[in-house]
Amino acid sequence: MIGKFFRQSLFSVFLFSFFLLFLSRGITQEVSVDLKLGKSRIYYGESVDLELTLSNADDTAEVNISSLNKDFQVDFVRGKNLHQESISIINGRMTKVEFRGHSFLYLLTPLRGGEFVVGPISVDYKGNSYQSNRKSLEVVGAEETDQVFLEISTERSDYTIGEKFTVYLDIYLKRLAPPLRDLDPFFAKDPPSISIPWLKENSLPGLGKKSRSELLEPYLTNDKPGFYVNNLKFQGRQQFFSFFEDQKPDQFRFLIEEVQRKNKKFPVQDYFRYRFPISFQAKEVGSYTLGPVLFKGQVATKIISGRQVASRDLVTSSPELLLQVVEPPSVGRPATFTGGIGKFFFQSKIVPEEAYVGDPMTLTLEIIGEGLIENILPLKLEEQEKIAKNFKVYDETVNSETKSGQKTFTYTLRPLHDQVKELPSISFSYYDVESRSYKTLSSEKIPLTIKEVKTLQSSDMEGKKVLTSNISQLEEKKGGIFANHESLDGIERQTILWEGWEKVILWAFPASYFAVLPLVYYRRRQTNNLSLQKKKKAFSGAQKKLAQVDSSSNVYGQLNAILNQYIADKYDLFASGMVGGEIIDCLEGDNVDASLVKEIQDFLSQCEAAQYAASVSINESSPIDVLKGLINKLEKVIC
């Protein structure tokens, strides 16, 4: 009998353990990762949204996108908290549904055309790894054709930092045969679309350029065919009937020229070249990729009859253009080069031009011109021999000021001797981006008058007679410390003697002041510390409000508000909008006993339910007394 009971007990324990194991695995598997793509088919050069939605997880999850890097450029856009709660009441029974999750949004730009399977993407969360689902993506690749092709070009492949240069985007469209030879081979009502990724604001931050509107507005067209560029529509250009039809993007007509070109394996043919020049300035050293530029749209290919033409949709793209921005060469760099890159003019000024040896003089160096003027550092004048030989230079106290096209440095100098006859020429070097070589400028010499400091003699004193050597001893003067003595030997020792009671009075006031000062400081600090005042008054305020609860109205709502305010005052928070979860988080963060936290949590849940249900019994005691007891317990453990 005992053996049978033992076997049944052991079997029950086994079943219970298996149930707990299954339950724990079920909880772990509640986290899921859902992958969605904004489109399933795009053209090469376009981008598509990828959204990962995590259920029962938060922003601490780590997303591993390394599996996408081979085929896509991946840019993180944003993360979003998906926490939601809803409460439904059916037949007096309240049901609370809660969803916790987080989403991550990325932008995928394909590196080539073809068929792709996006995913699975791995996500690590709280020591476990989860896999997303998969999605298919078709990327329509660029077509190689003699009807249209694009090029991006510039004068050189490398530029010195500070140098200005122009990049040309050329669109070649094959011309039609006569009599339509002089017409654009596309349609004004449905023009081709050009996508220029590096035209976007804040793209290529190391290459300075004008704003998008400044670059494109000179090419806006209303009466002739043009191109859509990045689907842009500038504000303020409203078309007629714009309230009754969708606004289309603006059209841009670039510089047009008739040319003959051979496009790779195709023979030489006649084209219209549409050129869009964009000016840049190299601002940061590094490698930069421009392109590819995508062309897609309907193009007229040949004449069928009369003025009727055949057309076809084409998608093509330009090759990428790689640029290097480099530092000025180190070979041949002068010692007086301090970062100036561009083309500059240099001059010096000094005031005053007449001074004594050791007098402070203010030297101003002005650098005016075009280029990276903000990068220019102060000259080390102590390293210029003629300056260091004749002046004491305070290089560590140089003031600098940068304005539009001008930089000014202000130095303090002191002449070392009266043989200084001029401020010598000062050398300044910069890198000339036009000649791609270093240039050295010298300021003009400035004549100076420097005098030796005159030593003051007693005979120089006004109204003073020099004592002769036959006077061996000065006569003692009366009048104490106010007498006019001409030698220290004739001055008597003057001492102020204090009585005992005078010393007591003298020291009493400062001693009293310093004794009371800490008490005054402590009281003032206590009064000004609003957070501390709120914390001290929290308990008495809660007791007072509990005594004033109106039993004829929403009692549970009043109790909930009193508890919210008490916790908010204790932890220096705002009671407005505070929910039960925040109260529990505060208490758990303060290491309040778990059993007391559980009592608070149960009280809040039952108060919330009582506000919706027809009737709720909290316990045998009055809910007001229950809250009084809870606040009394909290007051003992919350500092």
# chains A, B, ... in the order shown; residues from 1 in each chain; ligands from 1
>>> closest_atom_pairs(of="range 301-413 of chain A", to="range 157-174 of chain A", cutoff="8 Å", atoms="only C-alpha atoms", output="JSON lines")
{"residue": "A:Thr301", "atom": "CA", "partner": "A:Lys174", "partner_atom": "CA", "distance": 7.9}
{"residue": "A:Leu322", "atom": "CA", "partner": "A:Ser157", "partner_atom": "CA", "distance": 6.8}
{"residue": "A:Leu323", "atom": "CA", "partner": "A:Ser157", "partner_atom": "CA", "distance": 5.1}
{"residue": "A:Gln324", "atom": "CA", "partner": "A:Asp158", "partner_atom": "CA", "distance": 4.5}
{"residue": "A:Val325", "atom": "CA", "partner": "A:Tyr159", "partner_atom": "CA", "distance": 5.0}
{"residue": "A:Val326", "atom": "CA", "partner": "A:Thr160", "partner_atom": "CA", "distance": 4.9}
{"residue": "A:Glu327", "atom": "CA", "partner": "A:Thr160", "partner_atom": "CA", "distance": 5.8}
{"residue": "A:Pro328", "atom": "CA", "partner": "A:Thr160", "partner_atom": "CA", "distance": 6.0}
{"residue": "A:Ile341", "atom": "CA", "partner": "A:Gly162", "partner_atom": "CA", "distance": 5.7}
{"residue": "A:Gly342", "atom": "CA", "partner": "A:Gly162", "partner_atom": "CA", "distance": 6.4}
{"residue": "A:Gly371", "atom": "CA", "partner": "A:Gly162", "partner_atom": "CA", "distance": 5.7}
{"residue": "A:Leu372", "atom": "CA", "partner": "A:Gly162", "partner_atom": "CA", "distance": 5.4}
>>> write_last_selection(atoms="all heavy atoms", output="JSON list (two decimals), in the first residue's frame")
[["chain", "number", "residue", "atom", "x", "y", "z"],
["A", 301, "THR", "N", 11.46, 55.83, -79.45],
["A", 301, "THR", "CA", 12.55, 55.06, -80.06],
["A", 301, "THR", "C", 12.64, 55.23, -81.57],
["A", 301, "THR", "O", 13.73, 55.27, -82.13],
["A", 301, "THR", "CB", 12.40, 53.58, -79.72],
["A", 301, "THR", "OG1", 11.10, 53.13, -80.14],
["A", 301, "THR", "CG2", 12.54, 53.37, -78.22],
["A", 322, "LEU", "N", 33.97, 57.49, -58.09],
["A", 322, "LEU", "CA", 34.71, 57.45, -56.84],
["A", 322, "LEU", "C", 35.63, 58.65, -56.76],
["A", 322, "LEU", "O", 36.38, 58.95, -57.70],
["A", 322, "LEU", "CB", 35.54, 56.16, -56.75],
["A", 322, "LEU", "CG", 34.74, 54.85, -56.79],
["A", 322, "LEU", "CD1", 35.69, 53.66, -56.72],
["A", 322, "LEU", "CD2", 33.73, 54.79, -55.66],
["A", 323, "LEU", "N", 35.59, 59.36, -55.62],
["A", 323, "LEU", "CA", 36.41, 60.54, -55.40],
["A", 323, "LEU", "C", 37.22, 60.39, -54.13],
["A", 323, "LEU", "O", 36.75, 59.77, -53.16],
["A", 323, "LEU", "CB", 35.53, 61.80, -55.29],
["A", 323, "LEU", "CG", 34.78, 62.26, -56.54],
["A", 323, "LEU", "CD1", 33.91, 63.46, -56.20],
["A", 323, "LEU", "CD2", 35.75, 62.62, -57.64],
["A", 324, "GLN", "N", 38.40, 60.98, -54.13],
["A", 324, "GLN", "CA", 39.25, 61.00, -52.95],
["A", 324, "GLN", "C", 39.51, 62.46, -52.56],
["A", 324, "GLN", "O", 39.84, 63.27, -53.42],
["A", 324, "GLN", "CB", 40.58, 60.30, -53.22],
["A", 324, "GLN", "CG", 40.47, 58.81, -53.48],
["A", 324, "GLN", "CD", 40.20, 58.03, -52.21],
["A", 324, "GLN", "OE1", 40.51, 58.49, -51.11],
["A", 324, "GLN", "NE2", 39.61, 56.86, -52.35],
["A", 325, "VAL", "N", 39.35, 62.77, -51.27],
["A", 325, "VAL", "CA", 39.73, 64.08, -50.75],
["A", 325, "VAL", "C", 40.94, 63.86, -49.85],
["A", 325, "VAL", "O", 40.90, 63.06, -48.91],
["A", 325, "VAL", "CB", 38.58, 64.73, -49.96],
["A", 325, "VAL", "CG1", 39.03, 66.06, -49.35],
["A", 325, "VAL", "CG2", 37.37, 64.96, -50.86],
["A", 326, "VAL", "N", 42.04, 64.56, -50.17],
["A", 326, "VAL", "CA", 43.31, 64.31, -49.49],
["A", 326, "VAL", "C", 43.82, 65.59, -48.84],
["A", 326, "VAL", "O", 43.39, 66.69, -49.15],
["A", 326, "VAL", "CB", 44.36, 63.77, -50.49],
["A", 326, "VAL", "CG1", 43.90, 62.45, -51.07],
["A", 326, "VAL", "CG2", 44.61, 64.78, -51.62],
["A", 327, "GLU", "N", 44.75, 65.41, -47.91],
["A", 327, "GLU", "CA", 45.44, 66.53, -47.26],
["A", 327, "GLU", "C", 46.43, 67.16, -48.25],
["A", 327, "GLU", "O", 46.87, 66.52, -49.20],
["A", 327, "GLU", "CB", 46.20, 66.04, -46.03],
["A", 327, "GLU", "CG", 45.32, 65.58, -44.88],
["A", 327, "GLU", "CD", 44.80, 66.73, -44.04],
["A", 327, "GLU", "OE1", 45.03, 67.90, -44.43],
["A", 327, "GLU", "OE2", 44.16, 66.46, -43.01],
["A", 328, "PRO", "N", 46.81, 68.44, -48.03],
["A", 328, "PRO", "CA", 47.89, 69.01, -48.84],
["A", 328, "PRO", "C", 49.16, 68.19, -48.67],
["A", 328, "PRO", "O", 49.38, 67.60, -47.62],
["A", 328, "PRO", "CB", 48.05, 70.42, -48.26],
["A", 328, "PRO", "CG", 46.76, 70.73, -47.59],
["A", 328, "PRO", "CD", 46.25, 69.41, -47.08],
["A", 341, "ILE", "N", 43.99, 76.81, -46.69],
["A", 341, "ILE", "CA", 43.85, 76.16, -48.00],
["A", 341, "ILE", "C", 42.88, 76.99, -48.83],
["A", 341, "ILE", "O", 41.73, 77.17, -48.44],
["A", 341, "ILE", "CB", 43.34, 74.72, -47.87],
["A", 341, "ILE", "CG1", 44.30, 73.90, -47.01],
["A", 341, "ILE", "CG2", 43.17, 74.07, -49.23],
["A", 341, "ILE", "CD1", 43.81, 72.51, -46.70],
["A", 342, "GLY", "N", 43.34, 77.52, -49.94],
["A", 342, "GLY", "CA", 42.50, 78.37, -50.78],
["A", 342, "GLY", "C", 43.35, 79.38, -51.50],
["A", 342, "GLY", "O", 44.37, 79.06, -52.12],
["A", 371, "GLY", "N", 38.37, 80.05, -49.30],
["A", 371, "GLY", "CA", 38.87, 78.71, -48.97],
["A", 371, "GLY", "C", 38.43, 78.31, -47.58],
["A", 371, "GLY", "O", 37.49, 78.87, -47.01],
["A", 372, "LEU", "N", 39.13, 77.32, -47.03],
["A", 372, "LEU", "CA", 38.81, 76.84, -45.68],
["A", 372, "LEU", "C", 39.49, 77.75, -44.66],
["A", 372, "LEU", "O", 40.45, 77.38, -43.98],
["A", 372, "LEU", "CB", 39.27, 75.40, -45.51],
["A", 372, "LEU", "CG", 38.51, 74.36, -46.33],
["A", 372, "LEU", "CD1", 38.99, 72.97, -45.99],
["A", 372, "LEU", "CD2", 37.01, 74.47, -46.12]]
>>> select_by_dssp(residues="range 384-457 of chain A", states="alpha helix (DSSP H)", output="PDB file with C-alpha atoms, in the first residue's frame")
ATOM      1  CA  GLU A 385      63.680  84.671 -35.940  1.00  0.00           C
ATOM      2  CA  LYS A 386      63.429  88.464 -36.335  1.00  0.00           C
ATOM      3  CA  ILE A 387      60.339  88.637 -34.136  1.00  0.00           C
ATOM      4  CA  ALA A 388      61.784  86.436 -31.373  1.00  0.00           C
ATOM      5  CA  LYS A 389      65.043  88.435 -31.366  1.00  0.00           C
ATOM      6  CA  ASN A 390      63.386  91.803 -30.735  1.00  0.00           C
TER       7      ASN A 390
END
>>> atom_distance(atom1="CA of Lys598 in chain A", atom2="CA of Leu532 in chain A")
27.2 Å
>>> select_by_dssp(residues="range 296-434 of chain A", states="strand (DSSP E)", output="ChimeraX atom specification")
/A:296-305,308-317,321-326,337-351,354-356,361-371,391-393,399-403,406-415,422-423,427-432
>>> residues_around(residues="Ser540 in chain A", least_positions_apart="3", cutoff="12 Å", atoms="only C-alpha atoms", output="PDB file with N, CA, C and O atoms, in the first residue's frame")
ATOM      1  N   GLN A 533      10.820  69.095   1.048  1.00  0.00           N
ATOM      2  CA  GLN A 533       9.589  69.556   1.688  1.00  0.00           C
ATOM      3  C   GLN A 533       8.402  68.677   1.281  1.00  0.00           C
ATOM      4  O   GLN A 533       7.563  68.315   2.109  1.00  0.00           O
ATOM      5  N   LYS A 534       8.322  68.336  -0.004  1.00  0.00           N
ATOM      6  CA  LYS A 534       7.232  67.468  -0.462  1.00  0.00           C
ATOM      7  C   LYS A 534       7.298  66.114   0.229  1.00  0.00           C
ATOM      8  O   LYS A 534       6.277  65.555   0.640  1.00  0.00           O
ATOM      9  N   LYS A 535       8.522  65.572   0.367  1.00  0.00           N
ATOM     10  CA  LYS A 535       8.683  64.260   0.969  1.00  0.00           C
ATOM     11  C   LYS A 535       8.256  64.278   2.439  1.00  0.00           C
ATOM     12  O   LYS A 535       7.624  63.345   2.929  1.00  0.00           O
ATOM     13  N   LYS A 536       8.585  65.362   3.142  1.00  0.00           N
ATOM     14  CA  LYS A 536       8.240  65.459   4.565  1.00  0.00           C
ATOM     15  C   LYS A 536       6.734  65.590   4.772  1.00  0.00           C
ATOM     16  O   LYS A 536       6.177  65.091   5.741  1.00  0.00           O
ATOM     17  N   LYS A 537       6.079  66.307   3.867  1.00  0.00           N
ATOM     18  CA  LYS A 537       4.648  66.575   4.027  1.00  0.00           C
ATOM     19  C   LYS A 537       3.771  65.515   3.385  1.00  0.00           C
ATOM     20  O   LYS A 537       2.543  65.611   3.441  1.00  0.00           O
ATOM     21  N   GLN A 543      -2.881  61.607   5.087  1.00  0.00           N
ATOM     22  CA  GLN A 543      -3.802  61.409   6.204  1.00  0.00           C
ATOM     23  C   GLN A 543      -4.948  62.418   6.171  1.00  0.00           C
ATOM     24  O   GLN A 543      -6.115  62.082   6.430  1.00  0.00           O
ATOM     25  N   LYS A 544      -4.597  63.654   5.836  1.00  0.00           N
ATOM     26  CA  LYS A 544      -5.616  64.706   5.781  1.00  0.00           C
ATOM     27  C   LYS A 544      -6.640  64.419   4.674  1.00  0.00           C
ATOM     28  O   LYS A 544      -7.852  64.582   4.858  1.00  0.00           O
ATOM     29  N   LYS A 545      -6.147  63.969   3.518  1.00  0.00           N
ATOM     30  CA  LYS A 545      -7.059  63.685   2.403  1.00  0.00           C
ATOM     31  C   LYS A 545      -7.913  62.458   2.688  1.00  0.00           C
ATOM     32  O   LYS A 545      -9.083  62.397   2.279  1.00  0.00           O
ATOM     33  N   LEU A 546      -7.359  61.469   3.401  1.00  0.00           N
ATOM     34  CA  LEU A 546      -8.155  60.285   3.752  1.00  0.00           C
ATOM     35  C   LEU A 546      -9.307  60.651   4.679  1.00  0.00           C
ATOM     36  O   LEU A 546     -10.400  60.067   4.603  1.00  0.00           O
ATOM     37  N   ALA A 547      -9.052  61.629   5.544  1.00  0.00           N
ATOM     38  CA  ALA A 547     -10.124  62.063   6.449  1.00  0.00           C
ATOM     39  C   ALA A 547     -11.214  62.825   5.720  1.00  0.00           C
ATOM     40  O   ALA A 547     -12.322  62.976   6.237  1.00  0.00           O
ATOM     41  N   ILE A 562      -5.209  59.480  -3.992  1.00  0.00           N
ATOM     42  CA  ILE A 562      -4.453  59.770  -2.758  1.00  0.00           C
ATOM     43  C   ILE A 562      -3.160  58.965  -2.725  1.00  0.00           C
ATOM     44  O   ILE A 562      -2.084  59.485  -2.394  1.00  0.00           O
ATOM     45  N   GLN A 565      -0.665  60.403  -5.240  1.00  0.00           N
ATOM     46  CA  GLN A 565      -0.046  61.652  -4.792  1.00  0.00           C
ATOM     47  C   GLN A 565       1.004  61.375  -3.706  1.00  0.00           C
ATOM     48  O   GLN A 565       2.070  62.001  -3.686  1.00  0.00           O
ATOM     49  N   TYR A 566       0.707  60.443  -2.818  1.00  0.00           N
ATOM     50  CA  TYR A 566       1.643  60.099  -1.747  1.00  0.00           C
ATOM     51  C   TYR A 566       2.959  59.569  -2.334  1.00  0.00           C
ATOM     52  O   TYR A 566       4.048  60.009  -1.954  1.00  0.00           O
ATOM     53  N   ASP A 569       4.902  62.357  -4.173  1.00  0.00           N
ATOM     54  CA  ASP A 569       5.609  63.269  -3.265  1.00  0.00           C
ATOM     55  C   ASP A 569       6.843  62.612  -2.668  1.00  0.00           C
ATOM     56  O   ASP A 569       7.882  63.270  -2.481  1.00  0.00           O
ATOM     57  N   LYS A 570       6.754  61.327  -2.366  1.00  0.00           N
ATOM     58  CA  LYS A 570       7.881  60.631  -1.764  1.00  0.00           C
ATOM     59  C   LYS A 570       9.061  60.489  -2.726  1.00  0.00           C
ATOM     60  O   LYS A 570      10.224  60.518  -2.313  1.00  0.00           O
ATOM     61  N   LYS A 628      -5.175  53.480   4.734  1.00  0.00           N
ATOM     62  CA  LYS A 628      -4.463  54.069   5.875  1.00  0.00           C
ATOM     63  C   LYS A 628      -3.377  53.125   6.371  1.00  0.00           C
ATOM     64  O   LYS A 628      -2.244  53.530   6.651  1.00  0.00           O
ATOM     65  N   ILE A 631      -0.429  52.972   3.885  1.00  0.00           N
ATOM     66  CA  ILE A 631       0.417  54.175   3.920  1.00  0.00           C
ATOM     67  C   ILE A 631       1.249  54.203   5.203  1.00  0.00           C
ATOM     68  O   ILE A 631       2.416  54.631   5.193  1.00  0.00           O
ATOM     69  N   ASN A 632       0.678  53.744   6.309  1.00  0.00           N
ATOM     70  CA  ASN A 632       1.444  53.667   7.563  1.00  0.00           C
ATOM     71  C   ASN A 632       2.649  52.724   7.401  1.00  0.00           C
ATOM     72  O   ASN A 632       3.745  53.004   7.901  1.00  0.00           O
ATOM     73  N   GLU A 635       5.288  54.412   5.154  1.00  0.00           N
ATOM     74  CA  GLU A 635       5.989  55.519   5.789  1.00  0.00           C
ATOM     75  C   GLU A 635       7.173  55.016   6.625  1.00  0.00           C
ATOM     76  O   GLU A 635       8.170  55.728   6.805  1.00  0.00           O
TER      77      GLU A 635
END
>>> residues_around(residues="Asn399 in chain A", least_positions_apart="3", cutoff="10 Å", atoms="only C-alpha atoms", output="MDAnalysis selection string")
chainID A and resid 364 378 395:396 408:412
>>> closest_residue(among="A:Ile256, A:Val63, A:Ala511, A:Leu216", to="Asp182 in chain A", atoms="only C-alpha atoms")
A:Ile256
>>> residues_around(residues="Asp593 in chain A", least_positions_apart="2", cutoff="12 Å", atoms="only C-alpha atoms", output="ChimeraX atom specification")
/A:584,587-591,595-600,633-634,636-638
>>> write_last_selection(atoms="all heavy atoms", output="short mmCIF file (atom, residue, chain, number, x, y, z; two decimals), in the first residue's frame")
data_model
loop_
_atom_site.label_atom_id
_atom_site.label_comp_id
_atom_site.auth_asym_id
_atom_site.auth_seq_id
_atom_site.Cartn_x
_atom_site.Cartn_y
_atom_site.Cartn_z
N ILE A 584 4.46 50.64 -8.69
CA ILE A 584 5.13 49.38 -8.35
C ILE A 584 6.61 49.45 -8.70
O ILE A 584 7.47 48.99 -7.95
CB ILE A 584 4.46 48.19 -9.07
CG1 ILE A 584 2.97 48.11 -8.65
CG2 ILE A 584 5.17 46.89 -8.76
CD1 ILE A 584 2.75 47.98 -7.16
N LEU A 587 8.48 51.38 -6.00
CA LEU A 587 8.64 50.63 -4.75
C LEU A 587 9.67 49.52 -4.91
O LEU A 587 10.52 49.30 -4.04
CB LEU A 587 7.29 50.05 -4.32
CG LEU A 587 6.20 51.08 -3.99
CD1 LEU A 587 4.89 50.38 -3.64
CD2 LEU A 587 6.62 52.01 -2.86
N GLU A 588 9.61 48.80 -6.05
CA GLU A 588 10.59 47.74 -6.28
C GLU A 588 11.99 48.31 -6.43
O GLU A 588 12.97 47.72 -5.98
CB GLU A 588 10.20 46.93 -7.52
CG GLU A 588 8.94 46.09 -7.31
CD GLU A 588 8.53 45.34 -8.56
OE1 GLU A 588 9.03 45.72 -9.66
OE2 GLU A 588 7.74 44.39 -8.48
N GLY A 589 12.11 49.48 -7.07
CA GLY A 589 13.41 50.11 -7.21
C GLY A 589 13.97 50.57 -5.88
O GLY A 589 15.19 50.75 -5.74
N ASP A 590 13.11 50.80 -4.87
CA ASP A 590 13.54 51.24 -3.55
C ASP A 590 13.70 50.06 -2.60
O ASP A 590 13.85 50.25 -1.39
CB ASP A 590 12.51 52.23 -2.99
CG ASP A 590 13.13 53.17 -1.96
OD1 ASP A 590 14.37 53.19 -1.84
OD2 ASP A 590 12.37 53.87 -1.27
N ASN A 591 13.61 48.84 -3.17
CA ASN A 591 13.80 47.60 -2.38
C ASN A 591 12.79 47.47 -1.25
O ASN A 591 13.11 47.02 -0.15
CB ASN A 591 15.23 47.51 -1.82
CG ASN A 591 16.26 47.39 -2.92
OD1 ASN A 591 16.04 46.70 -3.92
ND2 ASN A 591 17.39 48.07 -2.76
N SER A 595 6.29 41.48 -0.07
CA SER A 595 4.92 41.23 0.40
C SER A 595 4.12 42.53 0.47
O SER A 595 2.93 42.56 0.13
CB SER A 595 4.96 40.56 1.78
OG SER A 595 5.61 41.40 2.73
N LEU A 596 4.77 43.62 0.90
CA LEU A 596 4.10 44.91 0.95
C LEU A 596 3.81 45.42 -0.47
O LEU A 596 2.73 45.99 -0.72
CB LEU A 596 4.96 45.92 1.72
CG LEU A 596 4.37 47.34 1.86
CD1 LEU A 596 2.98 47.32 2.47
CD2 LEU A 596 5.30 48.22 2.69
N VAL A 597 4.75 45.21 -1.37
CA VAL A 597 4.51 45.61 -2.77
C VAL A 597 3.32 44.85 -3.33
O VAL A 597 2.49 45.41 -4.05
CB VAL A 597 5.78 45.34 -3.62
CG1 VAL A 597 5.49 45.60 -5.11
CG2 VAL A 597 6.92 46.23 -3.16
N LYS A 598 3.21 43.54 -2.97
CA LYS A 598 2.09 42.73 -3.45
C LYS A 598 0.77 43.27 -2.91
O LYS A 598 -0.25 43.34 -3.62
CB LYS A 598 2.29 41.29 -3.01
CG LYS A 598 1.22 40.32 -3.48
CD LYS A 598 1.25 40.17 -5.00
CE LYS A 598 0.38 39.01 -5.46
NZ LYS A 598 -1.02 39.08 -5.06
N GLU A 599 0.75 43.70 -1.63
CA GLU A 599 -0.47 44.28 -1.06
C GLU A 599 -0.87 45.55 -1.82
O GLU A 599 -2.05 45.76 -2.13
CB GLU A 599 -0.25 44.60 0.42
CG GLU A 599 -0.14 43.40 1.33
CD GLU A 599 -0.03 43.81 2.80
OE1 GLU A 599 -0.91 44.57 3.25
OE2 GLU A 599 0.94 43.39 3.46
N ILE A 600 0.12 46.41 -2.10
CA ILE A 600 -0.17 47.66 -2.85
C ILE A 600 -0.71 47.33 -4.23
O ILE A 600 -1.68 47.93 -4.70
CB ILE A 600 1.11 48.52 -2.97
CG1 ILE A 600 1.63 48.92 -1.59
CG2 ILE A 600 0.85 49.75 -3.82
CD1 ILE A 600 0.74 49.85 -0.82
N LYS A 633 2.42 51.60 6.73
CA LYS A 633 3.52 50.66 6.50
C LYS A 633 4.59 51.27 5.59
O LYS A 633 5.79 51.12 5.82
CB LYS A 633 2.99 49.36 5.88
CG LYS A 633 2.11 48.55 6.81
CD LYS A 633 1.63 47.28 6.09
CE LYS A 633 0.70 46.46 6.99
NZ LYS A 633 0.21 45.24 6.28
N LEU A 634 4.11 51.96 4.54
CA LEU A 634 5.06 52.56 3.59
C LEU A 634 5.90 53.64 4.26
O LEU A 634 7.09 53.79 3.97
CB LEU A 634 4.31 53.15 2.40
CG LEU A 634 3.72 52.15 1.41
CD1 LEU A 634 2.86 52.87 0.37
CD2 LEU A 634 4.82 51.36 0.71
N LYS A 636 7.07 53.77 7.12
CA LYS A 636 8.14 53.22 7.95
C LYS A 636 9.34 52.74 7.13
O LYS A 636 10.45 52.63 7.65
CB LYS A 636 7.60 52.06 8.78
CG LYS A 636 6.53 52.47 9.79
CD LYS A 636 5.99 51.26 10.53
CE LYS A 636 4.89 51.67 11.54
NZ LYS A 636 4.33 50.49 12.23
N VAL A 637 9.09 52.45 5.83
CA VAL A 637 10.17 51.86 5.03
C VAL A 637 10.70 52.81 3.96
O VAL A 637 11.81 52.59 3.44
CB VAL A 637 9.70 50.55 4.36
CG1 VAL A 637 9.38 49.51 5.41
CG2 VAL A 637 8.50 50.78 3.45
N ILE A 638 9.90 53.85 3.61
CA ILE A 638 10.36 54.81 2.59
C ILE A 638 11.02 55.98 3.30
O ILE A 638 10.41 56.63 4.16
CB ILE A 638 9.19 55.32 1.72
CG1 ILE A 638 8.53 54.16 0.99
CG2 ILE A 638 9.70 56.34 0.71
CD1 ILE A 638 7.34 54.58 0.16
#
>>> residues_around(residues="Gln419 in chain A", least_positions_apart="5", cutoff="9 Å", atoms="only C-alpha atoms", output="number ranges by chain")
A: 390, 449-452
>>> closest_residue(among="A:Asn222, A:Ser317, A:Ser211, A:Ser132", to="Ile194 in chain A", atoms="only C-alpha atoms")
A:Ser317
>>> closest_residue(among="A:Ser213, A:Gly332, A:Lys343, A:Ile367", to="Glu434 in chain A", atoms="only C-alpha atoms")
A:Lys343
>>> residues_around(residues="Arg253 in chain A", least_positions_apart="3", cutoff="9 Å", atoms="only C-alpha atoms", output="VMD selection string")
chain A and resid 219 to 221 224 to 227 256 274 276
>>> atom_distance(atom1="CA of Ser32 in chain A", atom2="CA of Asp58 in chain A")
11.7 Å
>>> atom_distance(atom1="CA of Ser129 in chain A", atom2="CA of Glu62 in chain A")
9.4 Å
